[in-house]
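Chemist: I have a structure I would like to understand better, so I am pasting it below and will then ask my questions one at a time.
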Amino acid sequence: NQPVARDLVFLAVMGLGVYARRWGPRGHALGIFAFMTFFAAQFLHTVPGQLPELYAAVVLSLAASAAVRFGLWCYERRLPAVAVPAPPEGRGLARITTRQAVQATLGGAVALGRGQVHAPQRGYWAVGATGWVFVNTTPPGETHVSGFRRGRGTLIG
């Protein structure tokens with residue numbers, strides 16, 4: 001067990017997951033999937049021997065959700081196409097996805113440190129809440145509201 005390496009990888013996955021939004025909805029979905037997969041592995045304390053069962057569970061859940069979405073309730077036929085706005089251009093921290101990736105990683109590092117002090121066995125929950133602050137938020141106001149709600153929920157929980 002390498003807790004420092006695990007924590008650094010967790011922060012990297014969170015930062016890269018937020019940064020992946022620069023490639024639109026597919027990048028956003030991939031970033032969330034990577035973050036949640038790593039989070040679940042930490043929560044379940046997954047060992048390599050459990051991977052075949054977990055892979056089967058992921059395939060089963062994807063098949064079930066695809067059957068519902070594209071078969072039973074085919075949303076794609078009933079709803080008009082949604083225009084996806086292009087992410088704003090810029091370089092470095094001027095690009096919102098880059099800035100939020102840095103914020104998520106730094107916030108995750110602070111949350112991880114605080115979480116380890118207050119609840120060493122459950123410190124990853126604080127990082128999870130921090131990561132979810134940046135899901136589906138772009139303007140700073142949305143990020144602040146989401147952060148307040150996640151923080152309140154984490155403290156109450």
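We label chains A, B, ... in the order they appear in the structure tokens, count residues from 1 in each chain, and number ligands from 1 in the order shown.
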Could you name the residues that touch segment 101-108 of chain A at 10 Å or less, counting only C-alpha atoms, but leaving out those on the same chain fewer than 3 positions away, as a ChimeraX atom specification?

Modeler: /A:7-8,10-21,93,96-98,111-115,124,126-134

Chemist: Write a file of the selected residues as a compact mmCIF listing (two decimals), in the first residue's frame, keeping N, CA and C atoms.

Modeler:
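Writing the result to out_7.txt gives the following:
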```txt
# COMPACT_ATOMS: atom_id res chain seq x y z
N ASP A 7 -2.55 8.91 -3.41
CA ASP A 7 -3.14 10.24 -3.29
C ASP A 7 -2.72 11.15 -4.44
N LEU A 8 -1.46 11.07 -4.84
CA LEU A 8 -0.99 11.89 -5.97
C LEU A 8 -1.68 11.48 -7.27
N PHE A 10 -4.65 10.12 -7.45
CA PHE A 10 -6.03 10.57 -7.31
C PHE A 10 -6.15 12.04 -7.70
N LEU A 11 -5.24 12.86 -7.23
CA LEU A 11 -5.26 14.28 -7.58
C LEU A 11 -5.04 14.49 -9.07
N ALA A 12 -4.13 13.71 -9.66
CA ALA A 12 -3.87 13.82 -11.10
C ALA A 12 -5.10 13.42 -11.91
N VAL A 13 -5.76 12.34 -11.51
CA VAL A 13 -6.96 11.89 -12.21
C VAL A 13 -8.05 12.95 -12.11
N MET A 14 -8.21 13.56 -10.94
CA MET A 14 -9.21 14.60 -10.78
C MET A 14 -8.89 15.81 -11.66
N GLY A 15 -7.65 16.27 -11.62
CA GLY A 15 -7.27 17.43 -12.44
C GLY A 15 -7.42 17.16 -13.92
N LEU A 16 -6.97 16.00 -14.37
CA LEU A 16 -7.10 15.65 -15.79
C LEU A 16 -8.56 15.45 -16.19
N GLY A 17 -9.36 14.92 -15.26
CA GLY A 17 -10.78 14.74 -15.55
C GLY A 17 -11.49 16.06 -15.78
N VAL A 18 -11.16 17.06 -14.97
CA VAL A 18 -11.75 18.39 -15.15
C VAL A 18 -11.20 19.02 -16.43
N TYR A 19 -9.92 18.86 -16.68
CA TYR A 19 -9.30 19.43 -17.87
C TYR A 19 -9.88 18.83 -19.15
N ALA A 20 -10.31 17.57 -19.11
CA ALA A 20 -10.83 16.89 -20.30
C ALA A 20 -12.09 17.55 -20.84
N ARG A 21 -12.72 18.42 -20.05
CA ARG A 21 -13.91 19.12 -20.54
C ARG A 21 -13.61 20.01 -21.74
N LEU A 93 -3.97 29.67 -18.18
CA LEU A 93 -5.05 29.86 -17.22
C LEU A 93 -6.18 30.73 -17.74
N ILE A 96 -10.91 28.42 -19.40
CA ILE A 96 -11.66 28.02 -18.21
C ILE A 96 -11.37 26.58 -17.80
N THR A 97 -11.21 25.67 -18.76
CA THR A 97 -10.97 24.27 -18.41
C THR A 97 -9.61 24.10 -17.73
N THR A 98 -8.62 24.85 -18.17
CA THR A 98 -7.30 24.77 -17.54
C THR A 98 -7.35 25.34 -16.13
N ALA A 111 -8.31 19.33 0.44
CA ALA A 111 -9.34 18.44 0.99
C ALA A 111 -8.74 17.12 1.44
N LEU A 112 -7.81 16.60 0.68
CA LEU A 112 -7.16 15.34 1.04
C LEU A 112 -6.39 15.49 2.35
N GLY A 113 -5.64 16.56 2.47
CA GLY A 113 -4.90 16.80 3.71
C GLY A 113 -5.82 16.96 4.90
N ARG A 114 -6.86 17.77 4.75
CA ARG A 114 -7.82 17.98 5.85
C ARG A 114 -8.57 16.69 6.16
N GLY A 115 -8.95 15.97 5.12
CA GLY A 115 -9.68 14.72 5.31
C GLY A 115 -8.84 13.68 6.05
N TYR A 124 -10.81 10.29 1.60
CA TYR A 124 -11.11 10.38 0.17
C TYR A 124 -12.48 10.98 -0.09
N ALA A 126 -13.71 13.69 1.17
CA ALA A 126 -13.53 15.13 0.98
C ALA A 126 -13.03 15.41 -0.43
N VAL A 127 -12.15 14.55 -0.95
CA VAL A 127 -11.66 14.73 -2.32
C VAL A 127 -12.80 14.49 -3.30
N GLY A 128 -13.62 13.51 -3.03
CA GLY A 128 -14.77 13.24 -3.90
C GLY A 128 -15.71 14.43 -3.99
N ALA A 129 -16.00 15.02 -2.84
CA ALA A 129 -16.87 16.21 -2.83
C ALA A 129 -16.23 17.36 -3.59
N THR A 130 -14.92 17.52 -3.44
CA THR A 130 -14.22 18.58 -4.17
C THR A 130 -14.28 18.34 -5.67
N GLY A 131 -14.10 17.10 -6.09
CA GLY A 131 -14.17 16.79 -7.52
C GLY A 131 -15.55 17.07 -8.10
N TRP A 132 -16.59 16.74 -7.33
CA TRP A 132 -17.95 16.95 -7.83
C TRP A 132 -18.34 18.41 -7.88
N VAL A 133 -17.63 19.27 -7.18
CA VAL A 133 -17.90 20.71 -7.27
C VAL A 133 -17.74 21.18 -8.71
N PHE A 134 -16.80 20.59 -9.44
CA PHE A 134 -16.47 21.07 -10.78
C PHE A 134 -17.25 20.37 -11.89
```

Chemist: Per DSSP on the backbone, filter chain A down to the residues in alpha helix (DSSP H) and report them as JSON, numbers by chain.

Modeler: {"A": [3, 4, 5, 6, 7, 8, 9, 10, 11, 12, 13, 14, 15, 16, 17, 18, 19, 24, 25, 26, 27, 28, 29, 30, 31, 32, 33, 34, 35, 36, 37, 38, 39, 40, 41, 42, 43, 44, 51, 52, 53, 54, 55, 56, 57, 58, 59, 60, 61, 62, 63, 64, 65, 66, 67, 75, 76, 77, 78, 96, 97, 98, 99, 100, 101, 102, 103, 104, 105, 106, 107, 108, 109, 110, 111, 112, 113, 114, 115, 116, 117, 118, 124, 125, 126, 127, 128, 129, 130, 131, 132, 133, 140, 141, 142, 143, 144, 145, 146, 147, 148, 149, 150, 151, 152, 153, 154, 155, 156]}

Chemist: Could you state the separation of atom CA of Ala5 of chain A and atom CA of Gln100 of chain A in Å, given to one decimal place?

Modeler: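 Between these atoms lies a distance of 22.8 Å.
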
Chemist: Between atom CA of Asn136 of chain A and atom CA of Ala63 of chain A, what is the distance in Å, rounded to a tenth?

Modeler: 24.4 Å
